[in-house]
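Text of upload17.json, listed as JSON, C-alpha atoms:
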```json
[["chain", "number", "residue", "atom", "x", "y", "z"],
["A", 502, "MET", "CA", 11.66, 8.36, -4.16],
["A", 503, "VAL", "CA", 11.09, 4.64, -3.75],
["A", 504, "SER", "CA", 12.29, 2.06, -6.26],
["A", 505, "LEU", "CA", 10.19, -0.85, -7.47],
["A", 506, "ASN", "CA", 12.44, -3.24, -5.54],
["A", 507, "GLN", "CA", 12.10, -1.19, -2.35],
["A", 508, "PHE", "CA", 8.32, -1.21, -2.69],
["A", 509, "ARG", "CA", 8.36, -4.98, -3.17],
["A", 510, "GLU", "CA", 10.67, -5.51, -0.17],
["A", 511, "ILE", "CA", 8.51, -3.36, 2.10],
["A", 512, "ALA", "CA", 5.26, -5.05, 1.06],
["A", 513, "LEU", "CA", 6.70, -8.56, 1.35],
["A", 514, "ALA", "CA", 8.16, -7.81, 4.79],
["A", 515, "LEU", "CA", 4.65, -7.69, 6.23],
["A", 516, "PRO", "CA", 3.44, -10.99, 7.75],
["A", 517, "GLU", "CA", 2.08, -13.64, 5.36],
["A", 518, "VAL", "CA", 2.08, -11.39, 2.27],
["A", 519, "VAL", "CA", 2.29, -13.09, -1.12],
["A", 520, "GLU", "CA", 3.04, -11.52, -4.48],
["A", 521, "MET", "CA", 0.87, -12.59, -7.43],
["A", 522, "PRO", "CA", 0.08, -11.37, -10.94],
["A", 523, "HIS", "CA", -3.10, -9.29, -11.26],
["A", 524, "PHE", "CA", -3.90, -8.50, -14.88],
["A", 525, "GLU", "CA", -1.02, -6.28, -16.12],
["A", 526, "LYS", "CA", 0.06, -5.45, -12.56],
["A", 527, "THR", "CA", 1.55, -7.23, -9.58],
["A", 528, "SER", "CA", -0.65, -7.68, -6.52],
["A", 529, "PHE", "CA", 0.30, -8.04, -2.89],
["A", 530, "ARG", "CA", -2.13, -10.11, -0.86],
["A", 531, "VAL", "CA", -2.74, -11.25, 2.65],
["A", 532, "ASN", "CA", -5.25, -14.02, 3.32],
["A", 533, "LYS", "CA", -5.93, -14.11, -0.48],
["A", 534, "LYS", "CA", -7.12, -10.47, -0.44],
["A", 535, "ILE", "CA", -5.37, -7.66, -2.32],
["A", 536, "PHE", "CA", -4.18, -4.70, -0.26],
["A", 537, "ALA", "CA", -1.79, -3.23, -2.86],
["A", 538, "THR", "CA", -0.90, -3.43, -6.53],
["A", 539, "LEU", "CA", 2.18, -2.28, -8.40],
["A", 540, "SER", "CA", 2.36, -0.97, -11.96],
["A", 541, "GLU", "CA", 6.01, -1.45, -12.82],
["A", 542, "LYS", "CA", 5.80, 0.37, -16.15],
["A", 543, "ASP", "CA", 4.22, 3.47, -14.55],
["A", 544, "HIS", "CA", 6.08, 3.31, -11.20],
["A", 545, "ILE", "CA", 2.74, 3.68, -9.44],
["A", 546, "ALA", "CA", 1.41, 1.66, -6.53],
["A", 547, "CYS", "CA", -2.24, 1.41, -5.60],
["A", 548, "VAL", "CA", -3.40, 0.66, -2.05],
["A", 549, "THR", "CA", -6.80, 0.19, -0.45],
["A", 550, "LEU", "CA", -7.62, 2.59, 2.37],
["A", 551, "THR", "CA", -10.71, 3.67, 4.23],
["A", 552, "GLU", "CA", -12.16, 6.92, 2.90],
["A", 553, "ILE", "CA", -10.91, 8.74, 6.00],
["A", 554, "ASP", "CA", -7.38, 7.34, 5.64],
["A", 555, "GLN", "CA", -7.46, 8.19, 1.94],
["A", 556, "ASP", "CA", -8.28, 11.81, 2.80],
["A", 557, "VAL", "CA", -5.52, 11.96, 5.40],
["A", 558, "PHE", "CA", -2.82, 10.51, 3.14],
["A", 559, "SER", "CA", -3.93, 12.60, 0.16],
["A", 560, "ALA", "CA", -3.68, 15.75, 2.27],
["A", 561, "PHE", "CA", 0.12, 15.40, 2.38],
["A", 562, "ASP", "CA", 0.52, 16.05, -1.36],
["A", 563, "ARG", "CA", -2.08, 15.22, -4.00],
["A", 564, "SER", "CA", 0.62, 14.96, -6.67],
["A", 565, "VAL", "CA", 2.11, 12.03, -4.70],
["A", 566, "ILE", "CA", -0.89, 10.24, -3.14],
["A", 567, "TYR", "CA", -4.38, 10.64, -4.55],
["A", 568, "PRO", "CA", -7.65, 8.71, -5.02],
["A", 569, "VAL", "CA", -7.98, 6.58, -8.14],
["A", 570, "PRO", "CA", -10.03, 8.88, -10.41],
["A", 571, "ASN", "CA", -13.05, 6.59, -10.87],
["A", 572, "LYS", "CA", -15.50, 4.56, -8.80],
["A", 573, "TRP", "CA", -12.60, 2.56, -7.29],
["A", 574, "GLY", "CA", -11.27, 5.78, -5.77],
["A", 575, "LYS", "CA", -14.61, 6.32, -4.05],
["A", 576, "HIS", "CA", -14.09, 2.90, -2.44],
["A", 577, "GLY", "CA", -10.70, 3.90, -1.02],
["A", 578, "TRP", "CA", -8.31, 2.76, -3.74],
["A", 579, "THR", "CA", -5.46, 5.23, -3.78],
["A", 580, "PHE", "CA", -2.53, 5.81, -6.14],
["A", 581, "ILE", "CA", 1.00, 6.41, -4.84],
["A", 582, "VAL", "CA", 3.60, 7.82, -7.25],
["A", 583, "LEU", "CA", 6.78, 5.94, -6.34],
["A", 584, "LEU", "CA", 9.09, 8.43, -8.08],
["A", 585, "LYS", "CA", 7.85, 11.18, -5.72],
["A", 586, "VAL", "CA", 6.87, 9.52, -2.44],
["A", 587, "LYS", "CA", 9.08, 9.50, 0.64],
["A", 588, "LYS", "CA", 9.84, 6.02, 1.94],
["A", 589, "GLU", "CA", 8.39, 6.71, 5.39],
["A", 590, "LEU", "CA", 5.08, 7.89, 3.92],
["A", 591, "LEU", "CA", 4.90, 4.82, 1.67],
["A", 592, "ILE", "CA", 5.56, 2.51, 4.63],
["A", 593, "ASN", "CA", 2.76, 4.14, 6.60],
["A", 594, "ALA", "CA", 0.32, 3.87, 3.68],
["A", 595, "LEU", "CA", 1.22, 0.21, 3.04],
["A", 596, "ILE", "CA", 0.82, -0.67, 6.71],
["A", 597, "THR", "CA", -2.54, 1.10, 6.84],
["A", 598, "ALA", "CA", -3.74, -0.78, 3.74],
["A", 599, "TYR", "CA", -2.39, -4.07, 5.09],
["A", 600, "CYS", "CA", -4.13, -3.62, 8.45],
["A", 601, "LYS", "CA", -7.42, -2.86, 6.68],
["A", 602, "ILE", "CA", -7.32, -6.22, 4.86],
["A", 603, "ALA", "CA", -5.30, -8.55, 7.11],
["A", 604, "PRO", "CA", -6.90, -10.81, 9.70],
["A", 605, "GLN", "CA", -7.00, -9.19, 13.13],
["A", 606, "ARG", "CA", -4.27, -11.46, 14.52],
["A", 607, "LEU", "CA", -1.83, -10.23, 11.83],
["A", 608, "SER", "CA", -2.78, -6.57, 11.91],
["A", 609, "ALA", "CA", -2.34, -6.63, 15.70],
["A", 610, "ILE", "CA", 1.23, -7.88, 15.27],
["A", 611, "VAL", "CA", 2.03, -5.09, 12.82],
["A", 612, "ARG", "CA", 0.40, -2.39, 14.93],
["A", 613, "ARG", "CA", 2.38, -3.46, 18.02],
["A", 614, "ALA", "CA", 5.71, -3.84, 16.23],
["A", 615, "ASP", "CA", 8.41, -1.26, 15.87],
["A", 616, "MET", "CA", 8.30, -0.91, 12.10],
["A", 617, "ASP", "CA", 12.10, -1.06, 11.90],
["A", 618, "ASP", "CA", 11.70, -4.67, 13.07],
["A", 619, "VAL", "CA", 9.04, -5.46, 10.46],
["A", 620, "ILE", "CA", 10.45, -3.63, 7.44]]
```
Show this structure as C-alpha coordinates.
Amino acid sequence: MVSLNQFREIALALPEVVEMPHFEKTSFRVNKKIFATLSEKDHIACVTLTEIDQDVFSAFDRSVIYPVPNKWGKHGWTFIVLLKVKKELLINALITAYCKIAPQRLSAIVRRADMDDVI
(Lines of atoms letter the chains of each structure in order from A and count residues from 1; the text may use other names and numbers.)
(Lines give C-alpha, C1' and ligand atoms only; values in the text may rest on other atoms or scores of the structure.)
Protein backbone atom coordinates (compact mmCIF):
# COMPACT_ATOMS: atom_id res chain seq x y z
CA MET A 1 0.00 0.00 0.00
CA VAL A 2 1.19 3.48 -0.88
CA SER A 3 -0.30 6.64 0.62
CA LEU A 4 -1.17 9.73 -1.38
CA ASN A 5 1.71 11.57 0.28
CA GLN A 6 4.16 8.78 -0.55
CA PHE A 7 3.05 8.84 -4.19
CA ARG A 8 3.53 12.60 -4.30
CA GLU A 9 6.98 12.39 -2.67
CA ILE A 10 8.16 9.70 -5.10
CA ALA A 11 6.91 11.55 -8.18
CA LEU A 12 8.34 14.90 -7.06
CA ALA A 13 11.72 13.31 -6.26
CA LEU A 14 12.32 12.78 -9.98
CA PRO A 15 14.31 15.57 -11.68
CA GLU A 16 12.42 18.73 -12.71
CA VAL A 17 8.94 17.33 -11.94
CA VAL A 18 6.20 19.84 -11.18
CA GLU A 19 2.79 19.19 -9.67
CA MET A 20 -0.20 20.94 -11.28
CA PRO A 21 -3.98 20.64 -11.28
CA HIS A 22 -5.46 18.68 -14.18
CA PHE A 23 -9.25 18.82 -14.19
CA GLU A 24 -10.37 17.02 -10.98
CA LYS A 25 -6.98 15.33 -10.58
CA THR A 26 -3.40 16.32 -9.83
CA SER A 27 -0.86 15.94 -12.62
CA PHE A 28 2.87 15.39 -12.44
CA ARG A 29 4.78 16.83 -15.35
CA VAL A 30 8.26 17.04 -16.73
CA ASN A 31 9.05 19.51 -19.49
CA LYS A 32 5.34 20.55 -19.41
CA LYS A 33 4.23 17.01 -20.34
CA ILE A 34 2.12 14.79 -18.07
CA PHE A 35 3.59 11.42 -17.12
CA ALA A 36 1.28 10.70 -14.17
CA THR A 37 -1.96 11.83 -12.58
CA LEU A 38 -3.38 11.23 -9.13
CA SER A 39 -7.03 10.88 -8.16
CA GLU A 40 -6.96 11.61 -4.44
CA LYS A 41 -10.60 10.69 -3.87
CA ASP A 42 -10.18 7.26 -5.52
CA HIS A 43 -6.58 6.60 -4.38
CA ILE A 44 -5.70 5.74 -7.97
CA ALA A 45 -2.74 6.94 -9.99
CA CYS A 46 -2.55 6.89 -13.76
CA VAL A 47 0.74 6.70 -15.65
CA THR A 48 1.66 6.70 -19.32
CA LEU A 49 3.57 3.66 -20.53
CA THR A 50 4.42 2.09 -23.85
CA GLU A 51 2.06 -0.73 -24.78
CA ILE A 52 4.81 -3.25 -24.06
CA ASP A 53 5.55 -1.76 -20.63
CA GLN A 54 1.82 -1.64 -19.91
CA ASP A 55 1.57 -5.38 -20.65
CA VAL A 56 4.58 -6.15 -18.46
CA PHE A 57 3.36 -4.13 -15.47
CA SER A 58 -0.21 -5.41 -15.82
CA ALA A 59 1.07 -8.99 -15.79
CA PHE A 60 2.05 -8.62 -12.11
CA ASP A 61 -1.56 -8.31 -10.94
CA ARG A 62 -4.41 -6.86 -13.01
CA SER A 63 -6.30 -5.90 -9.86
CA VAL A 64 -3.41 -3.54 -8.99
CA ILE A 65 -2.12 -2.25 -12.35
CA TYR A 66 -4.28 -2.32 -15.45
CA PRO A 67 -4.93 -0.38 -18.68
CA VAL A 68 -7.44 2.46 -18.53
CA PRO A 69 -10.58 0.79 -19.93
CA ASN A 70 -11.08 3.08 -22.94
CA LYS A 71 -9.13 4.49 -25.88
CA TRP A 72 -6.61 6.07 -23.48
CA GLY A 73 -5.69 2.59 -22.27
CA LYS A 74 -4.89 1.59 -25.84
CA HIS A 75 -2.41 4.49 -25.87
CA GLY A 76 -0.60 3.20 -22.78
CA TRP A 77 -2.40 5.04 -19.98
CA THR A 78 -2.45 2.69 -17.02
CA PHE A 79 -4.21 2.78 -13.64
CA ILE A 80 -2.39 1.91 -10.41
CA VAL A 81 -4.48 1.20 -7.30
CA LEU A 82 -2.49 2.82 -4.49
CA LEU A 83 -4.26 0.89 -1.73
CA LYS A 84 -2.96 -2.38 -3.23
CA VAL A 85 0.35 -1.62 -4.95
CA LYS A 86 3.73 -2.36 -3.39
CA LYS A 87 5.97 0.69 -3.14
CA GLU A 88 8.76 -0.87 -5.20
CA LEU A 89 6.39 -1.69 -8.07
CA LEU A 90 4.98 1.84 -8.00
CA ILE A 91 8.48 3.34 -8.09
CA ASN A 92 9.37 1.22 -11.12
CA ALA A 93 6.16 2.20 -12.94
CA LEU A 94 6.64 5.90 -12.18
CA ILE A 95 10.25 5.82 -13.35
CA THR A 96 9.23 4.03 -16.55
CA ALA A 97 6.51 6.62 -17.22
CA TYR A 98 8.87 9.48 -16.40
CA CYS A 99 11.58 8.16 -18.74
CA LYS A 100 9.04 7.84 -21.55
CA ILE A 101 8.16 11.54 -21.31
CA ALA A 102 11.28 13.26 -19.94
CA PRO A 103 13.96 14.76 -22.16
CA GLN A 104 16.78 12.32 -22.84
CA ARG A 105 19.23 14.20 -20.59
CA LEU A 106 16.89 13.73 -17.60
CA SER A 107 15.87 10.16 -18.30
CA ALA A 108 19.56 9.25 -18.63
CA ILE A 109 20.20 10.62 -15.13
CA VAL A 110 17.37 8.56 -13.67
CA ARG A 111 18.36 5.39 -15.51
CA ARG A 112 21.96 5.66 -14.26
CA ALA A 113 21.06 6.53 -10.67
CA ASP A 114 20.65 4.17 -7.79
CA MET A 115 16.97 4.78 -7.12
CA ASP A 116 17.61 5.04 -3.39
CA ASP A 117 19.52 8.22 -4.24
CA VAL A 118 16.69 9.61 -6.38
CA ILE A 119 13.68 8.63 -4.27
Inset, instruction - Rank nothing, just name the residue among A:Arg613, A:Arg509, A:Ala594, A:Leu550 nearest to A:Val565, using all atoms listed in the file. - result: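 Closest to A:Val565, using all atoms listed in the file: A:Ala594.
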Could you build a table of the residues in stretch 523-577 of chain A lying no more than 7 Å from stretch 600-611 of chain A, giving for each the nearest pair of atoms and their separation in Å rounded to one decimal place, using only C-alpha atoms, ordered by chain and ascending residue number, as a Markdown table?
```
| residue | atom | partner | partner_atom | distance |
| --- | --- | --- | --- | --- |
| A:Val531 | CA | A:Ala603 | CA | 5.8 |
| A:Asn532 | CA | A:Ala603 | CA | 6.7 |
| A:Lys534 | CA | A:Ile602 | CA | 6.8 |
| A:Phe536 | CA | A:Ile602 | CA | 6.2 |
| A:Leu550 | CA | A:Lys601 | CA | 7.0 |
```
Inset, instruction - Tell me which of A:Leu591, A:Asp543, A:Arg530, A:His523 sits closest to A:Ser559, counting only C-alpha atoms. - result: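 Of A:Leu591, A:Asp543, A:Arg530, A:His523, the one nearest A:Ser559 is A:Leu591, counting only C-alpha atoms.
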Inset, instruction - Can you work out which one of A:Ile592, A:Ile581, A:Ile545, A:Glu520 has the shortest atom-to-atom distance to A:Lys533, counting all atoms listed in the file? - result: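 Smallest separation from A:Lys533 among the options: A:Glu520.
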Inset, instruction - Please provide the set of residues having any atom within 8 Å of A:Thr549, restricted to all atoms listed in the file, with same-chain residues fewer than 6 positions apart removed, written as number ranges by chain. - result: A: 536-537, 577-579, 598, 601
Written selection (C-alpha atoms) as a PDB file, in the coordinates of the input:
```
ATOM      1  CA  PHE A 536      -4.180  -4.700  -0.260  1.00  0.00           C
ATOM      2  CA  ALA A 537      -1.790  -3.230  -2.860  1.00  0.00           C
ATOM      3  CA  GLY A 577     -10.700   3.900  -1.020  1.00  0.00           C
ATOM      4  CA  TRP A 578      -8.310   2.760  -3.740  1.00  0.00           C
ATOM      5  CA  THR A 579      -5.460   5.230  -3.780  1.00  0.00           C
ATOM      6  CA  ALA A 598      -3.740  -0.780   3.740  1.00  0.00           C
ATOM      7  CA  LYS A 601      -7.420  -2.860   6.680  1.00  0.00           C
TER       8      LYS A 601
END
```
Inset, instruction - Skip A:Asn506 itself and residues of its chain fewer than 6 positions away, then list as a list in words all residues within 12 Å of it, counting only C-alpha atoms. - result: Ala512, Leu513, Leu539, Glu541, His544 and Leu583 of chain A
Legend entry - Nearest candidate to A:Ala514 (options A:Asn571, A:Arg612, A:Leu595, A:Ser564; using only C-alpha atoms):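 So, comparing all the options, the nearest one is A:Leu595.
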Env of A:Ile566: 9 Å cut, atoms = all atoms listed in the file, seq-sep filter 3 positions within chain, self excluded. Answer as a PDB file with C-alpha atoms, in the coordinates of the input.
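part-v2.pdb was written with the following content:
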```
ATOM      1  CA  GLN A 555      -7.460   8.190   1.940  1.00  0.00           C
ATOM      2  CA  PHE A 558      -2.820  10.510   3.140  1.00  0.00           C
ATOM      3  CA  SER A 559      -3.930  12.600   0.160  1.00  0.00           C
ATOM      4  CA  ALA A 560      -3.680  15.750   2.270  1.00  0.00           C
ATOM      5  CA  PHE A 561       0.120  15.400   2.380  1.00  0.00           C
ATOM      6  CA  ASP A 562       0.520  16.050  -1.360  1.00  0.00           C
ATOM      7  CA  ARG A 563      -2.080  15.220  -4.000  1.00  0.00           C
ATOM      8  CA  THR A 579      -5.460   5.230  -3.780  1.00  0.00           C
ATOM      9  CA  PHE A 580      -2.530   5.810  -6.140  1.00  0.00           C
ATOM     10  CA  ILE A 581       1.000   6.410  -4.840  1.00  0.00           C
ATOM     11  CA  VAL A 582       3.600   7.820  -7.250  1.00  0.00           C
ATOM     12  CA  VAL A 586       6.870   9.520  -2.440  1.00  0.00           C
TER      13      VAL A 586
END
```
Legend entry - Option closest in space to A:Thr551, from A:Ile511, A:Lys587, A:Tyr599, A:Phe524 [counting all atoms listed in the file]: A:Tyr599
Legend entry - Point-to-point distance from atom CA of A:Ser528 to atom CA of A:Val569, Å rounded to tenths: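 These two atoms are separated by 16.1 Å.
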Legend entry - Length of the atom CA of A:Lys575 to atom CA of A:Asp554 vector [Å]: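 Distance between the two atoms: 12.1 Å.
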Inset, instruction - Could you check how far atom CA of A:Lys585 sits from atom CA of A:Tyr567, in Å to one decimal? - result: 12.3 Å
Inset, instruction - Compare A:Ala546, A:Asp556, A:Lys526, A:Trp573 by their minimum atom-to-atom distance to A:Phe508, counting all atoms listed in the file, and give me the closest one. - result: A:Ala546
